[in-house]
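**Student:** This one is my_file-v6.txt, compact mmCIF, C-alpha atoms.
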# COMPACT_ATOMS: atom_id res chain seq x y z
CA MET F 1 18.93 5.69 0.68
CA ASN F 2 21.48 5.23 -2.03
CA ILE F 3 19.30 6.47 -4.87
CA SER F 4 22.22 8.54 -6.03
CA PRO F 5 25.79 8.54 -7.35
CA LYS F 6 28.27 6.67 -5.16
CA HIS F 7 30.55 9.61 -4.30
CA LYS F 8 29.51 11.13 -0.99
CA THR F 9 31.49 14.31 -1.61
CA GLN F 10 29.17 15.04 -4.56
CA ASN F 11 25.98 13.88 -2.86
CA PRO F 12 24.68 16.21 -0.13
CA LEU F 13 21.76 13.87 0.59
CA LEU F 14 24.10 11.28 2.05
CA GLN F 15 26.24 13.71 4.04
CA LYS F 16 23.38 14.36 6.48
CA ILE F 17 24.77 17.68 7.69
CA GLY F 18 22.22 19.41 9.86
CA LYS F 19 18.51 19.07 9.20
CA PRO F 20 17.47 17.07 6.13
CA HIS F 21 16.69 19.29 3.17
CA LYS F 22 12.93 19.39 2.57
CA GLY F 23 12.87 21.02 -0.86
CA LYS F 24 10.13 20.16 -3.31
CA VAL F 25 10.66 19.30 -6.95
CA LYS F 26 9.74 22.45 -8.87
CA ASP F 27 10.23 21.07 -12.38
CA THR F 28 7.33 19.52 -14.26
CA HIS F 29 9.60 17.12 -16.17
CA ILE F 30 12.73 15.16 -15.31
CA THR F 31 15.95 16.82 -16.46
CA LEU F 32 19.54 15.59 -16.53
CA ALA F 33 20.12 17.73 -13.44
CA HIS F 34 17.95 15.29 -11.48
CA GLY F 35 20.67 12.70 -11.93
CA SER F 36 23.67 14.99 -11.37
CA GLY F 37 24.13 14.54 -7.63
CA GLY F 38 23.32 18.16 -6.84
CA LYS F 39 20.38 20.02 -5.33
CA ALA F 40 17.91 18.98 -8.05
CA MET F 41 18.70 15.34 -7.38
CA ARG F 42 18.46 15.84 -3.63
CA ASP F 43 15.03 17.41 -4.02
CA LEU F 44 13.86 14.57 -6.26
CA ILE F 45 15.06 11.85 -3.89
CA GLU F 46 13.71 13.38 -0.70
CA ASP F 47 10.46 14.66 -2.14
CA ILE F 48 9.43 11.59 -4.13
CA PHE F 49 11.34 8.56 -2.85
CA VAL F 50 12.31 9.13 0.78
CA ASN F 51 8.98 10.67 1.74
CA SER F 52 7.14 7.72 0.20
CA PHE F 53 9.31 4.84 1.36
CA ASP F 54 10.29 6.20 4.80
CA ASN F 55 11.18 3.56 7.41
CA PRO F 56 13.83 3.25 10.16
CA ILE F 57 16.35 1.46 7.92
CA LEU F 58 15.93 3.82 4.98
CA SER F 59 16.06 6.90 7.23
CA GLN F 60 19.75 6.23 7.95
CA LEU F 61 20.44 7.38 4.35
CA GLU F 62 23.63 5.37 4.00
CA ASP F 63 25.13 3.80 0.89
CA GLN F 64 23.62 0.48 1.95
CA ALA F 65 20.90 -0.94 4.19
CA SER F 66 22.12 -2.56 7.42
CA LEU F 67 19.89 -5.48 8.37
CA ASN F 68 19.77 -7.18 11.76
CA LEU F 69 21.03 -10.74 11.33
CA ALA F 70 19.70 -11.91 14.67
CA SER F 71 16.19 -10.84 13.69
CA LEU F 72 16.48 -12.60 10.33
CA SER F 73 17.76 -15.84 11.86
CA GLN F 74 14.80 -15.96 14.23
CA GLN F 75 12.47 -16.22 11.24
CA GLY F 76 14.23 -18.98 9.32
CA ASP F 77 17.48 -20.74 8.53
CA ARG F 78 18.09 -19.54 4.94
CA LEU F 79 17.93 -16.29 3.00
CA ALA F 80 16.04 -16.04 -0.27
CA PHE F 81 17.56 -13.38 -2.54
CA THR F 82 16.25 -12.32 -5.94
CA THR F 83 16.36 -9.42 -8.39
CA ASP F 84 14.27 -8.42 -11.39
CA SER F 85 13.98 -5.50 -13.79
CA TYR F 86 10.72 -4.08 -15.15
CA VAL F 87 10.46 -2.43 -18.55
CA VAL F 88 6.74 -2.90 -19.24
CA ASP F 89 5.12 -0.75 -21.92
CA PRO F 90 2.84 1.09 -21.27
CA LEU F 91 3.69 2.21 -17.72
CA PHE F 92 0.01 2.19 -16.74
CA PHE F 93 -2.35 -0.55 -17.89
CA PRO F 94 -5.73 -1.98 -16.85
CA GLY F 95 -5.54 -3.26 -13.30
CA SER F 96 -2.01 -2.14 -12.42
CA ASP F 97 1.13 -0.22 -13.38
CA ILE F 98 4.91 -0.64 -13.50
CA GLY F 99 5.32 0.38 -9.85
CA GLU F 100 2.95 -2.19 -8.36
CA LEU F 101 4.28 -4.75 -10.82
CA ALA F 102 7.87 -4.19 -9.64
CA ILE F 103 6.92 -4.72 -6.00
CA ASN F 104 4.62 -7.70 -6.45
CA GLY F 105 6.80 -9.41 -9.04
CA THR F 106 9.81 -9.49 -6.75
CA ILE F 107 7.71 -10.48 -3.73
CA ASN F 108 6.35 -13.42 -5.71
CA ASP F 109 9.81 -14.59 -6.76
CA LEU F 110 10.66 -14.81 -3.07
CA ALA F 111 7.34 -16.32 -2.04
CA VAL F 112 7.45 -19.32 -4.37
CA SER F 113 10.59 -20.51 -2.56
CA GLY F 114 8.54 -20.54 0.63
CA ALA F 115 10.25 -17.39 1.91
CA LYS F 116 8.65 -14.61 3.87
CA PRO F 117 9.49 -11.41 1.92
CA LEU F 118 10.98 -8.70 4.15
CA TYR F 119 13.10 -6.12 2.32
CA LEU F 120 13.25 -4.64 -1.17
CA THR F 121 15.48 -2.23 -3.04
CA CYS F 122 14.24 0.27 -5.61
CA SER F 123 16.50 1.37 -8.45
CA VAL F 124 15.19 3.45 -11.32
CA ILE F 125 16.47 4.54 -14.72
CA ILE F 126 14.54 7.61 -15.85
CA GLU F 127 14.50 9.09 -19.32
CA GLU F 128 15.00 12.84 -19.53
CA GLY F 129 11.64 14.48 -20.14
CA LEU F 130 9.50 12.07 -18.11
CA PRO F 131 6.73 14.08 -16.40
CA VAL F 132 7.46 14.38 -12.68
CA GLU F 133 3.80 13.62 -11.99
CA THR F 134 4.20 10.26 -13.77
CA LEU F 135 7.09 9.38 -11.47
CA ARG F 136 5.02 10.42 -8.45
CA ARG F 137 2.17 8.14 -9.53
CA VAL F 138 4.50 5.17 -9.97
CA VAL F 139 6.26 5.68 -6.63
CA ALA F 140 2.91 6.15 -4.85
CA SER F 141 1.79 2.82 -6.33
CA MET F 142 4.99 1.15 -5.12
CA LYS F 143 4.41 2.56 -1.64
CA VAL F 144 0.88 1.18 -1.46
CA ALA F 145 1.92 -2.25 -2.77
CA ALA F 146 4.83 -2.51 -0.32
CA GLN F 147 2.70 -1.46 2.64
CA LYS F 148 -0.04 -3.90 1.67
CA ALA F 149 2.50 -6.72 1.48
CA GLY F 150 4.25 -5.73 4.72
CA VAL F 151 7.69 -5.28 3.16
CA GLN F 152 10.11 -2.37 3.48
CA ILE F 153 11.98 -0.61 0.66
CA VAL F 154 15.31 0.03 2.35
CA THR F 155 17.79 1.27 -0.27
CA GLY F 156 18.11 1.96 -3.98
CA ASP F 157 19.59 4.02 -6.76
CA THR F 158 18.49 6.49 -9.44
CA LYS F 159 19.91 7.39 -12.82
CA VAL F 160 18.70 9.87 -15.44
CA VAL F 161 19.63 9.28 -19.09
CA GLN F 162 19.27 11.47 -22.16
CA ARG F 163 16.15 11.48 -24.29
CA GLY F 164 16.09 8.37 -26.42
CA ALA F 165 18.56 6.42 -24.25
CA ALA F 166 15.68 4.68 -22.42
CA ASP F 167 11.91 4.53 -22.78
CA LYS F 168 10.36 6.66 -20.02
CA LEU F 169 11.09 4.57 -16.92
CA PHE F 170 12.77 1.28 -16.02
CA ILE F 171 12.69 -0.16 -12.48
CA ASN F 172 14.88 -2.77 -10.81
CA THR F 173 13.84 -4.30 -7.50
CA THR F 174 15.88 -6.73 -5.44
CA GLY F 175 14.28 -8.67 -2.62
CA ILE F 176 15.39 -10.46 0.53
CA GLY F 177 13.27 -12.94 2.41
CA VAL F 178 13.71 -15.69 4.98
CA ILE F 179 12.85 -19.35 4.38
CA PRO F 180 11.48 -21.14 7.47
CA GLN F 181 13.24 -24.26 8.64
CA GLY F 182 11.96 -27.46 7.06
CA ILE F 183 10.70 -25.85 3.83
CA ASN F 184 12.35 -27.30 0.72
CA ILE F 185 10.58 -26.31 -2.49
CA SER F 186 12.37 -27.28 -5.69
CA ALA F 187 11.56 -28.58 -9.15
CA HIS F 188 13.92 -31.46 -8.41
CA ASN F 189 11.43 -32.77 -5.83
CA ILE F 190 8.71 -33.55 -8.37
CA GLN F 191 7.66 -37.20 -8.47
CA VAL F 192 5.52 -39.37 -10.72
CA GLY F 193 1.93 -39.29 -9.48
CA ASP F 194 2.06 -35.66 -8.29
CA VAL F 195 -0.67 -33.29 -9.43
CA VAL F 196 -0.38 -29.78 -10.86
CA ILE F 197 -2.51 -26.97 -9.41
CA ILE F 198 -2.99 -23.39 -10.63
CA ASN F 199 -4.57 -20.62 -8.56
CA GLY F 200 -6.78 -19.09 -11.26
CA GLU F 201 -7.28 -17.79 -14.79
CA LEU F 202 -4.33 -17.67 -17.16
CA GLY F 203 -3.20 -14.96 -19.55
CA ASN F 204 -4.98 -11.92 -18.12
CA HIS F 205 -1.82 -9.86 -17.72
CA GLY F 206 -0.55 -10.55 -21.22
CA ALA F 207 -3.93 -9.77 -22.77
CA ALA F 208 -4.30 -6.56 -20.73
CA ILE F 209 -0.91 -5.28 -21.87
CA LEU F 210 -1.64 -6.09 -25.50
CA ILE F 211 -4.90 -4.18 -25.43
CA ALA F 212 -3.45 -1.25 -23.44
CA ARG F 213 -0.86 -0.62 -26.16
CA GLY F 214 -3.66 0.51 -28.43
CA GLU F 215 -2.25 -1.28 -31.44
CA LEU F 216 -5.38 -3.39 -31.83
CA ALA F 217 -8.96 -2.29 -32.38
CA LEU F 218 -10.11 -4.37 -29.41
CA GLU F 219 -12.08 -3.44 -26.33
CA THR F 220 -12.41 -5.78 -23.36
CA ASN F 221 -12.64 -5.51 -19.61
CA VAL F 222 -9.62 -7.78 -19.04
CA GLU F 223 -7.31 -6.46 -16.32
CA SER F 224 -3.85 -7.55 -15.25
CA ASP F 225 -3.83 -10.14 -12.48
CA CYS F 226 -0.92 -8.35 -10.77
CA GLN F 227 -0.97 -9.25 -7.08
CA ALA F 228 1.36 -10.36 -4.29
CA LEU F 229 1.12 -14.08 -3.57
CA HIS F 230 3.12 -14.48 -0.35
CA SER F 231 0.08 -14.71 1.92
CA LEU F 232 -1.45 -17.36 -0.35
CA VAL F 233 1.82 -19.31 -0.21
CA ALA F 234 1.86 -19.00 3.58
CA ASP F 235 -1.64 -20.51 3.73
CA ILE F 236 -0.60 -23.36 1.44
CA LEU F 237 2.48 -24.16 3.51
CA GLY F 238 0.40 -23.87 6.67
CA VAL F 239 -1.60 -26.95 5.66
CA CYS F 240 1.08 -28.75 3.62
CA PRO F 241 4.75 -27.90 4.27
CA GLU F 242 5.80 -30.70 1.88
CA ILE F 243 5.04 -28.83 -1.34
CA HIS F 244 7.27 -30.34 -4.00
CA ALA F 245 7.54 -27.41 -6.43
CA MET F 246 6.11 -23.93 -6.84
CA ARG F 247 6.72 -21.14 -9.34
CA ASP F 248 4.94 -18.02 -10.59
CA ALA F 249 3.99 -18.22 -14.25
CA THR F 250 5.26 -14.89 -15.59
CA ARG F 251 7.09 -14.51 -18.92
CA GLY F 252 6.53 -17.61 -21.05
CA GLY F 253 3.43 -18.47 -19.04
CA LEU F 254 2.31 -21.83 -17.74
CA ALA F 255 3.89 -23.74 -20.62
CA THR F 256 7.39 -22.49 -19.85
CA VAL F 257 7.12 -23.18 -16.12
CA LEU F 258 5.97 -26.76 -16.68
CA ASN F 259 8.68 -27.42 -19.26
CA GLU F 260 11.26 -26.21 -16.76
CA PHE F 261 9.74 -28.51 -14.13
CA SER F 262 9.74 -31.56 -16.38
CA LEU F 263 13.33 -31.01 -17.50
CA SER F 264 14.59 -30.50 -13.95
CA SER F 265 12.88 -33.59 -12.55
CA HIS F 266 13.21 -35.85 -15.64
CA VAL F 267 9.51 -36.65 -15.70
CA GLY F 268 6.63 -35.97 -18.03
CA ILE F 269 3.63 -33.75 -17.30
CA ARG F 270 0.18 -34.19 -18.81
CA LEU F 271 -2.29 -31.30 -18.79
CA ASP F 272 -6.04 -31.46 -19.28
CA GLU F 273 -7.08 -28.62 -21.61
CA GLU F 274 -10.67 -28.51 -20.35
CA SER F 275 -9.45 -28.03 -16.75
CA ILE F 276 -7.26 -25.00 -17.50
CA PRO F 277 -9.11 -21.77 -16.61
CA VAL F 278 -8.92 -19.07 -19.32
CA ARG F 279 -11.40 -16.19 -19.73
CA GLU F 280 -13.40 -16.13 -22.93
CA GLU F 281 -12.09 -12.62 -23.68
CA VAL F 282 -8.51 -13.85 -23.41
CA LYS F 283 -9.29 -16.82 -25.64
CA GLY F 284 -10.76 -14.38 -28.16
CA VAL F 285 -7.66 -12.17 -28.17
CA CYS F 286 -5.47 -15.24 -28.64
CA GLU F 287 -7.59 -16.56 -31.51
CA ILE F 288 -7.47 -13.22 -33.34
CA LEU F 289 -3.69 -12.90 -32.96
CA GLY F 290 -2.74 -16.54 -33.28
CA LEU F 291 -1.45 -16.75 -29.71
CA ASP F 292 -1.67 -19.57 -27.18
CA PRO F 293 -2.89 -18.61 -23.67
CA LEU F 294 -0.57 -21.25 -22.21
CA TYR F 295 2.34 -18.96 -23.14
CA LEU F 296 0.82 -15.63 -22.08
CA ALA F 297 2.43 -13.86 -19.13
CA ASN F 298 0.76 -13.71 -15.72
CA GLU F 299 1.64 -11.57 -12.72
CA GLY F 300 -0.52 -13.16 -10.06
CA LYS F 301 -0.56 -16.85 -10.85
CA LEU F 302 1.46 -19.62 -9.28
CA VAL F 303 1.85 -23.27 -10.23
CA VAL F 304 1.95 -25.78 -7.38
CA VAL F 305 3.07 -29.41 -7.67
CA VAL F 306 2.09 -31.60 -4.75
CA ARG F 307 1.51 -35.24 -3.86
CA ARG F 308 -1.88 -36.46 -5.02
CA GLU F 309 -2.92 -37.34 -1.47
CA ASN F 310 -2.31 -33.73 -0.38
CA ALA F 311 -4.07 -32.09 -3.33
CA GLU F 312 -7.53 -31.66 -1.75
CA THR F 313 -6.06 -30.13 1.40
CA VAL F 314 -3.98 -27.68 -0.63
CA LEU F 315 -6.92 -26.83 -2.89
CA ALA F 316 -9.15 -26.09 0.10
CA ALA F 317 -6.55 -23.73 1.57
CA MET F 318 -6.09 -21.97 -1.76
CA LYS F 319 -9.82 -21.56 -2.38
CA SER F 320 -10.27 -19.94 1.02
CA HIS F 321 -7.82 -17.18 0.01
CA SER F 322 -8.85 -14.32 -2.30
CA ALA F 323 -5.85 -14.97 -4.58
CA GLY F 324 -6.73 -18.66 -4.94
CA LYS F 325 -10.53 -18.79 -5.01
CA ASP F 326 -10.45 -20.19 -8.56
CA ALA F 327 -7.72 -22.74 -7.87
CA CYS F 328 -8.00 -26.07 -9.65
CA VAL F 329 -6.08 -29.20 -10.61
CA ILE F 330 -4.97 -28.97 -14.25
CA GLY F 331 -2.64 -31.92 -14.72
CA GLU F 332 -0.50 -34.74 -13.39
CA VAL F 333 3.09 -35.91 -13.41
CA ILE F 334 3.72 -39.01 -15.54
CA PRO F 335 6.82 -41.21 -15.98
CA SER F 336 7.26 -40.67 -19.72
CA PRO F 337 8.19 -39.15 -21.99
CA PRO F 338 10.65 -37.49 -19.60
CA GLY F 339 11.20 -33.77 -20.07
CA VAL F 340 8.03 -33.38 -22.13
CA VAL F 341 4.75 -31.59 -21.39
CA LEU F 342 1.65 -33.03 -23.07
CA LEU F 343 -1.79 -31.46 -23.44
CA ARG F 344 -4.88 -33.64 -23.65
CA THR F 345 -7.18 -31.58 -25.84
CA ALA F 346 -10.95 -31.20 -25.73
CA PHE F 347 -11.08 -33.53 -28.76
CA GLY F 348 -9.39 -36.37 -26.87
CA THR F 349 -6.07 -36.07 -28.70
CA GLU F 350 -2.68 -35.16 -27.26
CA ARG F 351 -0.11 -32.60 -28.40
CA ILE F 352 3.27 -31.53 -27.11
CA VAL F 353 3.44 -28.19 -25.33
CA ASP F 354 7.00 -27.12 -26.03
CA MET F 355 9.16 -24.42 -24.45
CA LEU F 356 8.49 -20.95 -25.82
CA VAL F 357 10.85 -20.13 -28.66
CA GLY F 358 11.64 -16.44 -29.10
CA GLU F 359 9.62 -13.55 -27.66
CA GLN F 360 5.86 -13.83 -27.94
CA LEU F 361 5.14 -10.39 -26.46
CA PRO F 362 8.09 -8.03 -25.83
CA ARG F 363 8.17 -5.77 -22.77
CA ILE F 364 5.34 -7.55 -21.03
CA CYS F 365 6.74 -6.98 -17.54
Let me see whether you can do it: turn the structure in this file into structure tokens.
**Tutor:**
Amino acid sequence: MNISPKHKTQNPLLQKIGKPHKGKVKDTHITLAHGSGGKAMRDLIEDIFVNSFDNPILSQLEDQASLNLASLSQQGDRLAFTTDSYVVDPLFFPGSDIGELAINGTINDLAVSGAKPLYLTCSVIIEEGLPVETLRRVVASMKVAAQKAGVQIVTGDTKVVQRGAADKLFINTTGIGVIPQGINISAHNIQVGDVVIINGELGNHGAAILIARGELALETNVESDCQALHSLVADILGVCPEIHAMRDATRGGLATVLNEFSLSSHVGIRLDEESIPVREEVKGVCEILGLDPLYLANEGKLVVVVRRENAETVLAAMKSHSAGKDACVIGEVIPSPPGVVLLRTAFGTERIVDMLVGEQLPRIC
């Protein structure tokens, strides 16, 4: 596992001479020595990362993961390849943490293309002084999330930077999946008359992070919706392979996804405000802070655009899955104005839902 500097002569972990070193990390906090390529780094990698993520590909401990092309080609005719970095603050928040978020977020980026997620990388940037126990908790969370999703973490990298050069811990995960033959999901497929479906309540992740930062005198039981969506997507495609478009509504929320859809397909989209599911607690947080839940980040919500005649079939499949039990139709695709998203309000008026300008909530994922 290449969670280390690239020079093998300085990295005893990758030389694999004799039995693997089974040392335990003795330090209570991360030091610069844990990124030096020496014994301290070897202990950190083997004790925390290799022991947690162990699998036949990772156990080779090479500078890269070697994947069997024949096995991949049997599962589909195209690769899906994505990468994302996670800098969320705080590291632990109601309902999830940065480790689970890094796994599920990358899985979802693969899943919304119709791909079956298979392999992930794990690269970390650690600030000097981070408690070792904090790193253990995060890696343990990543392990559980990966196992639950049936994906393998097969290679990675680690760097330690001086105090103040980063904020505790940043994680990058890259994912590889395989898209089955005949699946073609793209915003360019959207057609007038299609309907827009969401799999549940909006804004829970953004609200949970806001409250967890402790900057507001608010108390709610809102938790992040962080979850892997690939099995939900598989169920959807199982009943309707002709999904036109699909995307997870993360940074920028539902509003940003739908604006991207409308611009790509040169159509308009009209939403029905009363059909959009938002928890009362989230609405309350938004009202106090002057935020719009349509722009709040989610980490377990996907937007599906499908032909109207297929909507009931897709909805039934989604509702039968735990991640889609609250699925509902929230809008429709209209011919004009092209590239514009409209919201029909509870008062019977319409307003434009524009693309998010600037950063509503920094370091939300």
**Student:** So that I can see what lies close to Lys283 of chain F, please list as a PDB file with C-alpha atoms, keeping the file's coordinate frame the residues with an atom at most 12 Å from it, counting all atoms listed in the file and leaving out residues fewer than 6 positions away in the same chain.
**Tutor:**
ATOM      1  CA  GLU F 201      -7.280 -17.790 -14.790  1.00  0.00           C
ATOM      2  CA  LEU F 202      -4.330 -17.670 -17.160  1.00  0.00           C
ATOM      3  CA  GLY F 203      -3.200 -14.960 -19.550  1.00  0.00           C
ATOM      4  CA  ASN F 204      -4.980 -11.920 -18.120  1.00  0.00           C
ATOM      5  CA  GLY F 206      -0.550 -10.550 -21.220  1.00  0.00           C
ATOM      6  CA  ALA F 207      -3.930  -9.770 -22.770  1.00  0.00           C
ATOM      7  CA  THR F 220     -12.410  -5.780 -23.360  1.00  0.00           C
ATOM      8  CA  VAL F 222      -9.620  -7.780 -19.040  1.00  0.00           C
ATOM      9  CA  ILE F 276      -7.260 -25.000 -17.500  1.00  0.00           C
ATOM     10  CA  PRO F 277      -9.110 -21.770 -16.610  1.00  0.00           C
ATOM     11  CA  LEU F 289      -3.690 -12.900 -32.960  1.00  0.00           C
ATOM     12  CA  GLY F 290      -2.740 -16.540 -33.280  1.00  0.00           C
ATOM     13  CA  LEU F 291      -1.450 -16.750 -29.710  1.00  0.00           C
ATOM     14  CA  ASP F 292      -1.670 -19.570 -27.180  1.00  0.00           C
ATOM     15  CA  PRO F 293      -2.890 -18.610 -23.670  1.00  0.00           C
ATOM     16  CA  LEU F 294      -0.570 -21.250 -22.210  1.00  0.00           C
ATOM     17  CA  LEU F 296       0.820 -15.630 -22.080  1.00  0.00           C
TER      18      LEU F 296
END
**Student:** Please determine, counting only C-alpha atoms, which residue among F:Gly300, F:Pro117, F:Gly268, F:Gly175 has the shortest atom-to-atom distance to Ala234 of chain F.
**Tutor:**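 The shortest atom-to-atom distance to Ala234 of chain F comes from F:Pro117.
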**Student:** Could you check which of F:Phe81, F:Phe92, F:Phe49, F:Tyr86 is closest to Thr134 of chain F, using only C-alpha atoms?
**Tutor:**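 Once distances to Thr134 of chain F are computed over only C-alpha atoms, the minimum belongs to F:Phe92.
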**Student:** Please identify all polymer residues lying at most 9 Å from the point (10.8, -7.5, -12.4) (file coordinates), using only C-alpha atoms, and present the result as a list of chain:residue names.
**Tutor:** F:Thr83, F:Asp84, F:Ser85, F:Tyr86, F:Val87, F:Leu101, F:Ala102, F:Ile103, F:Asn104, F:Gly105, F:Thr106, F:Ile171, F:Asn172, F:Thr173, F:Thr174, F:Cys365
**Student:** Using all atoms listed in the file, determine which residues lie at most 12 Å from Gln147 of chain F, disregarding the query and same-chain residues fewer than 3 positions distant; provide the list as a list in words.
**Tutor:**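 Residues near the query, excluding close chain neighbours: Ser52, Phe53, Asp54, Asn55, Glu100, Ile103, Asn104, Leu118, Tyr119, Leu120, Ala140, Ser141, Met142, Lys143, Val144, Gly150, Val151, Gln152, Ile153 and Ala228 of chain F.
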**Student:** Could those residues be written to a file, using C-alpha atoms, as a PDB file, in the coordinates of the input?
**Tutor:**
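Once written, result36.pdb looks like this:
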ATOM      1  CA  SER F  52       7.140   7.720   0.200  1.00  0.00           C
ATOM      2  CA  PHE F  53       9.310   4.840   1.360  1.00  0.00           C
ATOM      3  CA  ASP F  54      10.290   6.200   4.800  1.00  0.00           C
ATOM      4  CA  ASN F  55      11.180   3.560   7.410  1.00  0.00           C
ATOM      5  CA  GLU F 100       2.950  -2.190  -8.360  1.00  0.00           C
ATOM      6  CA  ILE F 103       6.920  -4.720  -6.000  1.00  0.00           C
ATOM      7  CA  ASN F 104       4.620  -7.700  -6.450  1.00  0.00           C
ATOM      8  CA  LEU F 118      10.980  -8.700   4.150  1.00  0.00           C
ATOM      9  CA  TYR F 119      13.100  -6.120   2.320  1.00  0.00           C
ATOM     10  CA  LEU F 120      13.250  -4.640  -1.170  1.00  0.00           C
ATOM     11  CA  ALA F 140       2.910   6.150  -4.850  1.00  0.00           C
ATOM     12  CA  SER F 141       1.790   2.820  -6.330  1.00  0.00           C
ATOM     13  CA  MET F 142       4.990   1.150  -5.120  1.00  0.00           C
ATOM     14  CA  LYS F 143       4.410   2.560  -1.640  1.00  0.00           C
ATOM     15  CA  VAL F 144       0.880   1.180  -1.460  1.00  0.00           C
ATOM     16  CA  GLY F 150       4.250  -5.730   4.720  1.00  0.00           C
ATOM     17  CA  VAL F 151       7.690  -5.280   3.160  1.00  0.00           C
ATOM     18  CA  GLN F 152      10.110  -2.370   3.480  1.00  0.00           C
ATOM     19  CA  ILE F 153      11.980  -0.610   0.660  1.00  0.00           C
ATOM     20  CA  ALA F 228       1.360 -10.360  -4.290  1.00  0.00           C
TER      21      ALA F 228
END
**Student:** F:Gly76, F:Gly284, F:Pro131, F:Pro94: which is nearest Val25 of chain F, counting all atoms listed in the file?
**Tutor:**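 Ranked by minimum distance to Val25 of chain F, first place goes to F:Pro131.
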**Student:** Between atom CA of Asp109 of chain F and atom CA of Val304 of chain F, what is the distance, to one decimal in Å?
**Tutor:** 13.7 Å
**Student:** Please determine the residues with any atom at most 8 Å from (8.2, -4.6, -22.2) (coordinates as given in the file, with only C-alpha atoms counting) and report them as a PyMOL selection string.
**Tutor:** chain F and resi 86-90+361-365
**Student:** Closest to Ala33 of chain F among F:Glu128, F:Ser186, F:Leu315, F:Ile98, using only C-alpha atoms?
**Tutor:**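 The closest residue to Ala33 of chain F is F:Glu128.
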**Student:** Would you list the contacts of segment 261-265 of chain F as JSON, numbers by chain, taking every protein, DNA or RNA residue within 8 Å and counting all atoms listed in the file, but skipping same-chain residues closer than 2 positions in sequence?
**Tutor:** {"F": [187, 188, 189, 190, 191, 257, 258, 259, 267, 268, 269, 338, 339, 340, 341]}
**Student:** Using C-alpha atoms, can you write the selected residues to a file as a short mmCIF file (atom, residue, chain, number, x, y, z; two decimals), in the coordinates of the input?
**Tutor:**
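Below is the file that was written, part.cif:
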data_model
loop_
_atom_site.label_atom_id
_atom_site.label_comp_id
_atom_site.auth_asym_id
_atom_site.auth_seq_id
_atom_site.Cartn_x
_atom_site.Cartn_y
_atom_site.Cartn_z
CA ALA F 187 11.56 -28.58 -9.15
CA HIS F 188 13.92 -31.46 -8.41
CA ASN F 189 11.43 -32.77 -5.83
CA ILE F 190 8.71 -33.55 -8.37
CA GLN F 191 7.66 -37.20 -8.47
CA VAL F 257 7.12 -23.18 -16.12
CA LEU F 258 5.97 -26.76 -16.68
CA ASN F 259 8.68 -27.42 -19.26
CA VAL F 267 9.51 -36.65 -15.70
CA GLY F 268 6.63 -35.97 -18.03
CA ILE F 269 3.63 -33.75 -17.30
CA PRO F 338 10.65 -37.49 -19.60
CA GLY F 339 11.20 -33.77 -20.07
CA VAL F 340 8.03 -33.38 -22.13
CA VAL F 341 4.75 -31.59 -21.39
#
**Student:** Using only C-alpha atoms, find the one residue out of F:Ser320, F:Asn108, F:Asn298, F:Thr82 that sits nearest to His230 of chain F.
**Tutor:**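 Looking only at the distances to His230 of chain F, the closest residue turns out to be F:Asn108.
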**Student:** Output as a short mmCIF file (atom, residue, chain, number, x, y, z; two decimals), in the coordinates of the input: segment 59-66 of chain F, completed with N, CA, C and O atoms.
**Tutor:**
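rebuild-v9.cif, freshly written:
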data_model
loop_
_atom_site.label_atom_id
_atom_site.label_comp_id
_atom_site.auth_asym_id
_atom_site.auth_seq_id
_atom_site.Cartn_x
_atom_site.Cartn_y
_atom_site.Cartn_z
N SER F 59 15.81 5.56 6.68
CA SER F 59 16.06 6.90 7.23
C SER F 59 17.52 7.13 7.60
O SER F 59 17.94 8.27 7.80
N GLN F 60 18.32 6.06 7.68
CA GLN F 60 19.75 6.23 7.95
C GLN F 60 20.47 6.87 6.77
O GLN F 60 21.55 7.45 6.94
N LEU F 61 19.90 6.74 5.56
CA LEU F 61 20.44 7.38 4.35
C LEU F 61 21.92 7.08 4.12
O LEU F 61 22.73 7.96 3.83
N GLU F 62 22.26 5.81 4.27
CA GLU F 62 23.63 5.37 4.00
C GLU F 62 23.72 4.80 2.58
O GLU F 62 22.73 4.73 1.85
N ASP F 63 24.93 4.39 2.21
CA ASP F 63 25.13 3.80 0.89
C ASP F 63 24.59 2.38 0.80
O ASP F 63 24.61 1.77 -0.27
N GLN F 64 24.14 1.83 1.91
CA GLN F 64 23.62 0.48 1.95
C GLN F 64 22.62 0.38 3.09
O GLN F 64 22.57 1.22 3.97
N ALA F 65 21.81 -0.67 3.09
CA ALA F 65 20.90 -0.94 4.19
C ALA F 65 21.56 -1.94 5.12
O ALA F 65 22.06 -2.97 4.69
N SER F 66 21.57 -1.65 6.42
CA SER F 66 22.12 -2.56 7.42
C SER F 66 20.96 -3.31 8.05
O SER F 66 20.08 -2.71 8.67
#
